[in-house]
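Heads up, the thing below is written out as C-alpha cells.
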Number of protein chains: 2
Amino acid sequence: MGAMTETLTHPPRSDIQIESVLHALADPVRLRIVRELARIGCDGIACGAIDLPVTKSTRTHHLRTLREAGVIQVRPVGTSRITTLRRDDLDALYPGLLDGILAAPH
Amino acid sequence: MGAMTETLTHPPRSDIQIESVLHALADPVRLRIVRELARIGCDGIACGAIDLPVTKSTRTHHLRTLREAGVIQVRPVGTSRITTLRRDDLDALYPGLLDGILAAPH
DNA sequence: ATCGTAGTTCGACAGTCGTCGTAGTACGGT
DNA sequence: ACCGTACTACGACGACTGTCGAACTACGAT
C-alpha cells in the first residue's frame, strides 16, 4: 500500500494538548481553514479545494500542523484527501472553545 | 509622573484580535499565568507573585504579550503591578473560549 | 539620603515558524 | 503505458520567539 493510501497519523483524543491546539489555531491561514471546515460541516472537503493565499507546499504544511495537533481529520480518497474538523473531540475536551473562536468577527 | 505610574497601554475591546489572543495563550508559561489569574479571580495579583520557572525579564516579556493581546489588565500600585484577567472582554468577544481552555487538563 | 524591592529595557543567542520552489510519489483516466 | 492531477518531501531563507544576563528606573521604607 502506497503512501497516499496509508492512514495518516492522528493523535487520539487523550493525546491532544491544549497548547498545540491553540498554537495551531493562532495562524491566520490555519484559522481560515478551520472556519471553512466549520462552515462546510461533517461532509468534509478536499484539501486543495479550500481557497487559500499560499502555495501547495505551504498548504500541506498547515494541514499537517492542524492534523498533528488533533484539530482536523484527514482521510485519503483516491488522489484527494478529505479533511474534516474534529468537532466532537474538541468540544469534548474544551467545551465552548471552538464556538468561541468561530464567534469572532472575520 | 514616572514610568512606573504611567498607565500601561491596553487595547480596547474592539481592537482585540482573535489571532493575537490565541497566540498569547499558546505558550505554556503564559497559559500558566492565565490559569493562575483565573483561579485568583478579580482581586488580581502582583506580577512577581506568580510562581514561574523563568527569570524576571522573561516574565515581563510574557506579561507584555498577554497585555498587548488584550488578555490581561495591568495596573500599577506602588512598586508592584496588579494583574487581572480581562474575563468580561474575552467572554463578550469569544463566549466559551476561556472556559473551554480552562477546562483542559493540566 | 540611602537602600532594597519590583519591574522594565536592551542586546544577544539559539530555536522555531511560515513561506517558497523544486523534485518526487501516488492514484485515476485515456 | 502514459499523462495529468493531488498532494508530499526536502532544503533554503528571512522573520519571529523565548530565553537569559546586565544595566537601568521607580517607588517605599529606614
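Chain identifiers are assigned as A, B, and so on, following the order in which chains appear in the C-alpha cells; residues are numbered from 1 within each chain, and ligands are numbered from 1 in order of appearance.
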
From a DSSP pass on the backbone, collect the residues of range 6-104 of chain A flagged as alpha helix (DSSP H) and hand them back as a compact mmCIF listing (two decimals) with N, CA and C atoms, in the first residue's frame.
```
# COMPACT_ATOMS: atom_id res chain seq x y z
N ILE A 18 -3.66 21.12 24.76
CA ILE A 18 -4.26 22.43 24.58
C ILE A 18 -3.28 23.42 23.96
N GLU A 19 -2.01 23.35 24.35
CA GLU A 19 -1.02 24.27 23.78
C GLU A 19 -0.90 24.07 22.27
N SER A 20 -0.86 22.80 21.85
CA SER A 20 -0.74 22.51 20.42
C SER A 20 -1.97 22.99 19.66
N VAL A 21 -3.13 22.78 20.24
CA VAL A 21 -4.37 23.21 19.59
C VAL A 21 -4.37 24.73 19.44
N LEU A 22 -4.03 25.43 20.50
CA LEU A 22 -4.03 26.89 20.45
C LEU A 22 -3.00 27.40 19.45
N HIS A 23 -1.84 26.78 19.47
CA HIS A 23 -0.81 27.18 18.51
C HIS A 23 -1.28 26.95 17.08
N ALA A 24 -1.94 25.83 16.85
CA ALA A 24 -2.43 25.51 15.51
C ALA A 24 -3.47 26.54 15.07
N LEU A 25 -4.30 26.99 15.99
CA LEU A 25 -5.38 27.91 15.65
C LEU A 25 -4.92 29.37 15.58
N PRO A 28 -3.31 32.82 10.92
CA PRO A 28 -4.40 33.31 10.07
C PRO A 28 -4.85 32.31 9.02
N VAL A 29 -3.87 31.69 8.34
CA VAL A 29 -4.22 30.73 7.29
C VAL A 29 -4.92 29.52 7.88
N ARG A 30 -4.39 29.02 8.98
CA ARG A 30 -5.00 27.83 9.59
C ARG A 30 -6.37 28.16 10.16
N LEU A 31 -6.52 29.34 10.71
CA LEU A 31 -7.82 29.74 11.24
C LEU A 31 -8.84 29.78 10.11
N ARG A 32 -8.39 30.25 8.97
CA ARG A 32 -9.25 30.31 7.79
C ARG A 32 -9.69 28.91 7.38
N ILE A 33 -8.76 27.98 7.42
CA ILE A 33 -9.08 26.58 7.09
C ILE A 33 -10.15 26.06 8.06
N VAL A 34 -9.92 26.30 9.33
CA VAL A 34 -10.85 25.79 10.35
C VAL A 34 -12.23 26.41 10.18
N ARG A 35 -12.27 27.70 9.89
CA ARG A 35 -13.56 28.36 9.68
C ARG A 35 -14.29 27.76 8.50
N GLU A 36 -13.53 27.50 7.43
CA GLU A 36 -14.13 26.92 6.23
C GLU A 36 -14.66 25.51 6.53
N LEU A 37 -13.90 24.73 7.27
CA LEU A 37 -14.33 23.38 7.61
C LEU A 37 -15.56 23.41 8.49
N ALA A 38 -15.62 24.38 9.39
CA ALA A 38 -16.78 24.51 10.27
C ALA A 38 -18.01 24.87 9.46
N ARG A 39 -17.81 25.69 8.44
CA ARG A 39 -18.92 26.12 7.60
C ARG A 39 -19.46 24.93 6.80
N ILE A 40 -18.55 24.14 6.28
CA ILE A 40 -18.93 23.01 5.42
C ILE A 40 -19.61 21.90 6.21
N LYS A 56 0.99 25.37 -2.71
CA LYS A 56 0.63 24.00 -2.33
C LYS A 56 1.41 23.50 -1.13
N SER A 57 2.72 23.74 -1.16
CA SER A 57 3.56 23.17 -0.10
C SER A 57 3.25 23.82 1.25
N THR A 58 2.97 25.10 1.23
CA THR A 58 2.61 25.78 2.48
C THR A 58 1.29 25.24 3.00
N ARG A 59 0.38 25.02 2.08
CA ARG A 59 -0.91 24.43 2.44
C ARG A 59 -0.71 23.09 3.13
N THR A 60 0.12 22.24 2.55
CA THR A 60 0.41 20.94 3.15
C THR A 60 0.96 21.11 4.56
N HIS A 61 1.86 22.06 4.70
CA HIS A 61 2.47 22.33 6.00
C HIS A 61 1.41 22.68 7.05
N HIS A 62 0.49 23.56 6.68
CA HIS A 62 -0.54 23.99 7.63
C HIS A 62 -1.50 22.84 7.96
N LEU A 63 -1.83 22.06 6.95
CA LEU A 63 -2.74 20.94 7.20
C LEU A 63 -2.09 19.90 8.10
N ARG A 64 -0.79 19.70 7.94
CA ARG A 64 -0.10 18.77 8.83
C ARG A 64 -0.10 19.30 10.26
N THR A 65 0.15 20.61 10.40
CA THR A 65 0.14 21.21 11.74
C THR A 65 -1.22 21.00 12.41
N LEU A 66 -2.28 21.26 11.66
CA LEU A 66 -3.63 21.08 12.21
C LEU A 66 -3.91 19.62 12.53
N ARG A 67 -3.47 18.75 11.65
CA ARG A 67 -3.73 17.32 11.86
C ARG A 67 -2.97 16.80 13.08
N GLU A 68 -1.70 17.15 13.18
CA GLU A 68 -0.88 16.64 14.28
C GLU A 68 -1.31 17.24 15.63
N ALA A 69 -1.94 18.39 15.58
CA ALA A 69 -2.44 18.99 16.82
C ALA A 69 -3.76 18.35 17.23
N ARG A 87 -14.65 18.10 15.48
CA ARG A 87 -15.51 18.87 16.36
C ARG A 87 -15.86 18.12 17.64
N ASP A 88 -16.21 16.85 17.48
CA ASP A 88 -16.60 16.06 18.65
C ASP A 88 -15.49 16.00 19.68
N ASP A 89 -14.28 15.73 19.21
CA ASP A 89 -13.15 15.64 20.14
C ASP A 89 -12.86 16.98 20.81
N LEU A 90 -12.83 18.04 20.02
CA LEU A 90 -12.51 19.36 20.57
C LEU A 90 -13.60 19.82 21.53
N ASP A 91 -14.85 19.60 21.15
CA ASP A 91 -15.94 20.01 22.04
C ASP A 91 -15.92 19.22 23.35
N ALA A 92 -15.52 17.95 23.25
CA ALA A 92 -15.47 17.13 24.47
C ALA A 92 -14.34 17.59 25.38
N LEU A 93 -13.20 17.89 24.79
CA LEU A 93 -12.04 18.28 25.59
C LEU A 93 -12.15 19.70 26.12
N LEU A 97 -14.71 26.19 23.40
CA LEU A 97 -13.55 26.80 22.76
C LEU A 97 -13.77 27.07 21.27
N LEU A 98 -14.17 26.04 20.56
CA LEU A 98 -14.34 26.18 19.12
C LEU A 98 -15.45 27.19 18.80
N ASP A 99 -16.56 27.08 19.47
CA ASP A 99 -17.67 28.01 19.24
C ASP A 99 -17.24 29.44 19.55
N GLY A 100 -16.48 29.60 20.60
CA GLY A 100 -16.00 30.93 20.97
C GLY A 100 -15.12 31.52 19.88
N ILE A 101 -14.24 30.70 19.34
CA ILE A 101 -13.35 31.16 18.28
C ILE A 101 -14.13 31.49 17.02
N LEU A 102 -15.08 30.63 16.68
CA LEU A 102 -15.85 30.84 15.45
C LEU A 102 -16.78 32.04 15.59
```

List the neighbours of Gly48 in chain A out to 9 Å using only C-alpha atoms (C1' of nucleotides); skip same-chain residues closer than 4 positions along the sequence, and give me the result as an MDAnalysis selection string.
-> (chainID A and resid 52 56 59 80:81) or (chainID D and resid 6:7)

Near chain B, which residues of chain D fall within 9 Å when you count only C-alpha atoms (C1' of nucleotides), and what do they look like as a count of residues only?
-> 7

For chain C versus chain B, which residues have an atom no more than 12 Å away, and what is each residue's nearest atom pair and distance in Å rounded to one decimal, using only C-alpha atoms (C1' of nucleotides), chain-then-number order, as a Markdown table?
```
| residue | atom | partner | partner_atom | distance |
| --- | --- | --- | --- | --- |
| C:DG4 | C1' | B:Thr79 | CA | 11.7 |
| C:DT5 | C1' | B:Thr79 | CA | 7.8 |
| C:DA6 | C1' | B:Thr79 | CA | 5.3 |
| C:DG7 | C1' | B:Ser80 | CA | 7.4 |
| C:DT8 | C1' | B:Thr60 | CA | 7.4 |
| C:DT9 | C1' | B:Ser57 | CA | 8.9 |
| C:DC10 | C1' | B:Ser57 | CA | 10.7 |
```

Take the residues from that selection and put them in a file with all heavy atoms, as a tab-separated table (two decimals), in the first residue's frame.
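Contents of the output file selection01.tsv:
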```tsv
chain	number	residue	atom	x	y	z
C	4	DG	P	20.82	47.21	50.64
C	4	DG	OP1	21.49	46.32	51.60
C	4	DG	OP2	21.46	47.51	49.34
C	4	DG	O5'	19.35	46.63	50.38
C	4	DG	C5'	18.42	46.60	51.46
C	4	DG	C4'	17.01	46.39	50.94
C	4	DG	O4'	16.57	47.59	50.26
C	4	DG	C3'	16.90	45.24	49.93
C	4	DG	O3'	15.70	44.51	50.20
C	4	DG	C2'	16.83	45.96	48.59
C	4	DG	C1'	16.11	47.25	48.95
C	4	DG	N9	16.42	48.37	48.08
C	4	DG	C8	17.66	48.78	47.65
C	4	DG	N7	17.62	49.83	46.88
C	4	DG	C5	16.27	50.14	46.78
C	4	DG	C6	15.62	51.18	46.08
C	4	DG	O6	16.11	52.06	45.38
C	4	DG	N1	14.23	51.12	46.26
C	4	DG	C2	13.58	50.19	47.02
C	4	DG	N2	12.26	50.29	47.07
C	4	DG	N3	14.18	49.21	47.69
C	4	DG	C4	15.52	49.25	47.52
C	5	DT	P	15.42	43.16	49.45
C	5	DT	OP1	15.14	42.14	50.47
C	5	DT	OP2	16.47	42.94	48.43
C	5	DT	O5'	14.05	43.50	48.69
C	5	DT	C5'	13.07	44.31	49.32
C	5	DT	C4'	12.05	44.73	48.29
C	5	DT	O4'	12.52	45.90	47.58
C	5	DT	C3'	11.73	43.67	47.24
C	5	DT	O3'	10.34	43.59	47.06
C	5	DT	C2'	12.45	44.19	46.01
C	5	DT	C1'	12.35	45.69	46.20
C	5	DT	N1	13.39	46.48	45.50
C	5	DT	C2	13.01	47.61	44.80
C	5	DT	O2	11.87	47.98	44.73
C	5	DT	N3	14.04	48.27	44.21
C	5	DT	C4	15.38	47.94	44.23
C	5	DT	O4	16.21	48.63	43.64
C	5	DT	C5	15.71	46.76	44.98
C	5	DT	C7	17.13	46.30	45.07
C	5	DT	C6	14.70	46.08	45.58
C	6	DA	P	9.73	42.54	46.07
C	6	DA	OP1	8.45	42.08	46.64
C	6	DA	OP2	10.78	41.57	45.70
C	6	DA	O5'	9.39	43.43	44.80
C	6	DA	C5'	8.46	44.50	44.93
C	6	DA	C4'	8.10	45.02	43.54
C	6	DA	O4'	9.17	45.87	43.08
C	6	DA	C3'	7.95	43.91	42.50
C	6	DA	O3'	6.78	44.15	41.73
C	6	DA	C2'	9.22	44.00	41.67
C	6	DA	C1'	9.62	45.46	41.81
C	6	DA	N9	11.06	45.67	41.77
C	6	DA	C8	12.03	44.90	42.35
C	6	DA	N7	13.25	45.33	42.15
C	6	DA	C5	13.08	46.47	41.40
C	6	DA	C6	14.00	47.40	40.85
C	6	DA	N6	15.32	47.31	41.01
C	6	DA	N1	13.50	48.43	40.15
C	6	DA	C2	12.17	48.52	39.99
C	6	DA	N3	11.21	47.71	40.45
C	6	DA	C4	11.74	46.70	41.16
C	7	DG	P	6.35	43.09	40.62
C	7	DG	OP1	4.89	43.13	40.53
C	7	DG	OP2	7.05	41.82	40.89
C	7	DG	O5'	6.93	43.72	39.28
C	7	DG	C5'	6.54	45.04	38.94
C	7	DG	C4'	7.49	45.62	37.92
C	7	DG	O4'	8.82	45.66	38.46
C	7	DG	C3'	7.61	44.80	36.63
C	7	DG	O3'	6.90	45.46	35.60
C	7	DG	C2'	9.11	44.76	36.34
C	7	DG	C1'	9.69	45.71	37.37
C	7	DG	N9	11.01	45.26	37.80
C	7	DG	C8	11.35	44.16	38.53
C	7	DG	N7	12.63	44.04	38.75
C	7	DG	C5	13.18	45.14	38.10
C	7	DG	C6	14.53	45.55	37.98
C	7	DG	O6	15.54	45.01	38.43
C	7	DG	N1	14.65	46.73	37.24
C	7	DG	C2	13.59	47.41	36.69
C	7	DG	N2	13.88	48.53	36.02
C	7	DG	N3	12.32	47.05	36.80
C	7	DG	C4	12.19	45.91	37.52
C	8	DT	P	7.07	45.06	34.07
C	8	DT	OP1	5.82	45.50	33.41
C	8	DT	OP2	7.51	43.65	33.99
C	8	DT	O5'	8.26	45.98	33.54
C	8	DT	C5'	8.13	47.39	33.64
C	8	DT	C4'	9.28	48.08	32.94
C	8	DT	O4'	10.53	47.72	33.58
C	8	DT	C3'	9.44	47.73	31.45
C	8	DT	O3'	9.64	48.92	30.72
C	8	DT	C2'	10.67	46.82	31.43
C	8	DT	C1'	11.48	47.34	32.60
C	8	DT	N1	12.35	46.32	33.25
C	8	DT	C2	13.70	46.52	33.24
C	8	DT	O2	14.24	47.48	32.74
C	8	DT	N3	14.43	45.53	33.87
C	8	DT	C4	13.93	44.40	34.48
C	8	DT	O4	14.68	43.58	35.01
C	8	DT	C5	12.50	44.25	34.43
C	8	DT	C7	11.86	43.06	35.05
C	8	DT	C6	11.78	45.21	33.83
C	9	DT	P	9.58	48.95	29.14
C	9	DT	OP1	8.95	50.22	28.78
C	9	DT	OP2	8.99	47.66	28.71
C	9	DT	O5'	11.11	48.98	28.68
C	9	DT	C5'	12.01	49.87	29.32
C	9	DT	C4'	13.42	49.64	28.82
C	9	DT	O4'	14.08	48.62	29.61
C	9	DT	C3'	13.52	49.16	27.36
C	9	DT	O3'	14.53	49.92	26.71
C	9	DT	C2'	13.89	47.69	27.48
C	9	DT	C1'	14.72	47.70	28.75
C	9	DT	N1	14.78	46.41	29.49
C	9	DT	C2	15.99	45.99	29.99
C	9	DT	O2	17.02	46.62	29.84
C	9	DT	N3	15.94	44.80	30.68
C	9	DT	C4	14.83	44.02	30.91
C	9	DT	O4	14.92	42.97	31.55
C	9	DT	C5	13.59	44.52	30.36
C	9	DT	C7	12.34	43.73	30.54
C	9	DT	C6	13.63	45.67	29.68
C	10	DC	P	14.58	50.07	25.13
C	10	DC	OP1	14.65	51.51	24.81
C	10	DC	OP2	13.50	49.25	24.54
C	10	DC	O5'	15.97	49.40	24.78
C	10	DC	C5'	17.11	49.70	25.58
C	10	DC	C4'	18.15	48.60	25.47
C	10	DC	O4'	17.84	47.56	26.40
C	10	DC	C3'	18.23	47.94	24.10
C	10	DC	O3'	19.44	48.33	23.46
C	10	DC	C2'	18.20	46.44	24.38
C	10	DC	C1'	18.33	46.35	25.88
C	10	DC	N1	17.52	45.24	26.49
C	10	DC	C2	18.16	44.28	27.27
C	10	DC	O2	19.37	44.35	27.46
C	10	DC	N3	17.42	43.29	27.82
C	10	DC	C4	16.10	43.24	27.60
C	10	DC	N4	15.41	42.26	28.18
C	10	DC	C5	15.43	44.22	26.81
C	10	DC	C6	16.18	45.20	26.27
```

DSSP-assigned strand (DSSP E) among chain B, expressed as a PDB file with N, CA, C and O atoms, in the first residue's frame:
```
ATOM      1  N   ILE B  45      -3.326  40.022  41.149  1.00  0.00           N
ATOM      2  CA  ILE B  45      -2.138  39.602  41.875  1.00  0.00           C
ATOM      3  C   ILE B  45      -0.946  40.383  41.321  1.00  0.00           C
ATOM      4  O   ILE B  45      -0.953  40.798  40.164  1.00  0.00           O
ATOM      5  N   ALA B  46       0.056  40.602  42.159  1.00  0.00           N
ATOM      6  CA  ALA B  46       1.280  41.249  41.681  1.00  0.00           C
ATOM      7  C   ALA B  46       1.979  40.305  40.711  1.00  0.00           C
ATOM      8  O   ALA B  46       2.044  39.100  40.947  1.00  0.00           O
ATOM      9  N   ILE B  72      -4.923  40.321  29.524  1.00  0.00           N
ATOM     10  CA  ILE B  72      -4.840  40.737  30.919  1.00  0.00           C
ATOM     11  C   ILE B  72      -4.867  42.252  31.045  1.00  0.00           C
ATOM     12  O   ILE B  72      -4.645  42.979  30.071  1.00  0.00           O
ATOM     13  N   GLN B  73      -5.114  42.705  32.266  1.00  0.00           N
ATOM     14  CA  GLN B  73      -5.116  44.115  32.582  1.00  0.00           C
ATOM     15  C   GLN B  73      -4.088  44.337  33.673  1.00  0.00           C
ATOM     16  O   GLN B  73      -4.068  43.614  34.665  1.00  0.00           O
ATOM     17  N   VAL B  74      -3.213  45.322  33.485  1.00  0.00           N
ATOM     18  CA  VAL B  74      -2.154  45.569  34.455  1.00  0.00           C
ATOM     19  C   VAL B  74      -2.284  46.985  34.997  1.00  0.00           C
ATOM     20  O   VAL B  74      -2.375  47.950  34.235  1.00  0.00           O
ATOM     21  N   ARG B  75      -2.279  47.084  36.327  1.00  0.00           N
ATOM     22  CA  ARG B  75      -2.496  48.363  36.989  1.00  0.00           C
ATOM     23  C   ARG B  75      -1.374  48.581  37.993  1.00  0.00           C
ATOM     24  O   ARG B  75      -1.134  47.756  38.871  1.00  0.00           O
ATOM     25  N   PRO B  76      -0.642  49.708  37.871  1.00  0.00           N
ATOM     26  CA  PRO B  76       0.482  49.963  38.779  1.00  0.00           C
ATOM     27  C   PRO B  76      -0.029  50.361  40.163  1.00  0.00           C
ATOM     28  O   PRO B  76      -0.899  51.227  40.282  1.00  0.00           O
ATOM     29  N   VAL B  77       0.540  49.735  41.190  1.00  0.00           N
ATOM     30  CA  VAL B  77       0.214  50.070  42.578  1.00  0.00           C
ATOM     31  C   VAL B  77       1.526  50.075  43.345  1.00  0.00           C
ATOM     32  O   VAL B  77       2.081  49.019  43.612  1.00  0.00           O
ATOM     33  N   SER B  80       4.570  47.723  42.702  1.00  0.00           N
ATOM     34  CA  SER B  80       4.040  46.492  42.115  1.00  0.00           C
ATOM     35  C   SER B  80       3.102  46.793  40.954  1.00  0.00           C
ATOM     36  O   SER B  80       2.733  47.940  40.725  1.00  0.00           O
ATOM     37  N   ARG B  81       2.723  45.746  40.264  1.00  0.00           N
ATOM     38  CA  ARG B  81       1.735  45.879  39.193  1.00  0.00           C
ATOM     39  C   ARG B  81       0.715  44.782  39.373  1.00  0.00           C
ATOM     40  O   ARG B  81       1.044  43.601  39.279  1.00  0.00           O
ATOM     41  N   ILE B  82      -0.479  45.219  39.637  1.00  0.00           N
ATOM     42  CA  ILE B  82      -1.546  44.251  39.866  1.00  0.00           C
ATOM     43  C   ILE B  82      -2.117  43.798  38.530  1.00  0.00           C
ATOM     44  O   ILE B  82      -2.495  44.608  37.694  1.00  0.00           O
ATOM     45  N   THR B  83      -2.147  42.494  38.350  1.00  0.00           N
ATOM     46  CA  THR B  83      -2.582  41.905  37.089  1.00  0.00           C
ATOM     47  C   THR B  83      -3.904  41.184  37.255  1.00  0.00           C
ATOM     48  O   THR B  83      -4.080  40.426  38.209  1.00  0.00           O
ATOM     49  N   THR B  84      -4.830  41.424  36.335  1.00  0.00           N
ATOM     50  CA  THR B  84      -6.107  40.706  36.350  1.00  0.00           C
ATOM     51  C   THR B  84      -6.433  40.215  34.939  1.00  0.00           C
ATOM     52  O   THR B  84      -5.951  40.766  33.951  1.00  0.00           O
ATOM     53  N   LEU B  85      -7.258  39.185  34.896  1.00  0.00           N
ATOM     54  CA  LEU B  85      -7.709  38.632  33.626  1.00  0.00           C
ATOM     55  C   LEU B  85      -8.834  39.504  33.080  1.00  0.00           C
ATOM     56  O   LEU B  85      -9.688  39.960  33.848  1.00  0.00           O
TER      57      LEU B  85
END
```

Using only C-alpha atoms (C1' of nucleotides), pick whichever of C:DG24, C:DA1, C:DG11, C:DT16 has the shortest atom-to-atom distance to DA15 in chain D.
-> C:DT16

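C1' of DA23 in chain C to C1' of DG11 in chain D spans 10.9 Å [interatomic distance, one decimal].
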
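Every protein or nucleic acid residue with an atom no more than 12 Å from DC3 in chain D, counting only C-alpha atoms (C1' of nucleotides) and leaving out same-chain residues fewer than 5 positions away, appears here: DG28, DG29 and DT30 of chain C.
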
Those same residues, written as a compact mmCIF listing (two decimals), in the first residue's frame with N, CA and C atoms (P, O5', C5', C4', C3', O3' and C1' of nucleotides)?
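selection.txt, freshly written:
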```
# COMPACT_ATOMS: atom_id res chain seq x y z
P DG C 28 -7.49 5.17 -7.29
O5' DG C 28 -7.81 6.00 -8.61
C5' DG C 28 -8.20 7.36 -8.48
C4' DG C 28 -8.48 7.97 -9.85
C3' DG C 28 -9.31 7.09 -10.78
O3' DG C 28 -10.25 7.90 -11.47
C1' DG C 28 -7.21 7.59 -11.79
P DG C 29 -11.27 7.24 -12.49
O5' DG C 29 -10.69 7.71 -13.90
C5' DG C 29 -10.53 9.11 -14.15
C4' DG C 29 -9.85 9.35 -15.49
C3' DG C 29 -10.50 8.67 -16.69
O3' DG C 29 -10.44 9.55 -17.81
C1' DG C 29 -8.26 8.00 -16.55
P DT C 30 -11.48 9.36 -19.03
O5' DT C 30 -10.55 9.30 -20.32
C5' DT C 30 -9.51 10.27 -20.47
C4' DT C 30 -8.41 9.73 -21.37
C3' DT C 30 -8.93 8.99 -22.62
O3' DT C 30 -8.37 9.58 -23.78
C1' DT C 30 -7.25 7.72 -21.52
```

From the list B:Asp51, B:Cys42, B:Gly70, B:Ser14, which residue is nearest chain A when using only C-alpha atoms?
->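 Once distances to chain A are computed over only C-alpha atoms, the minimum belongs to B:Ser14.
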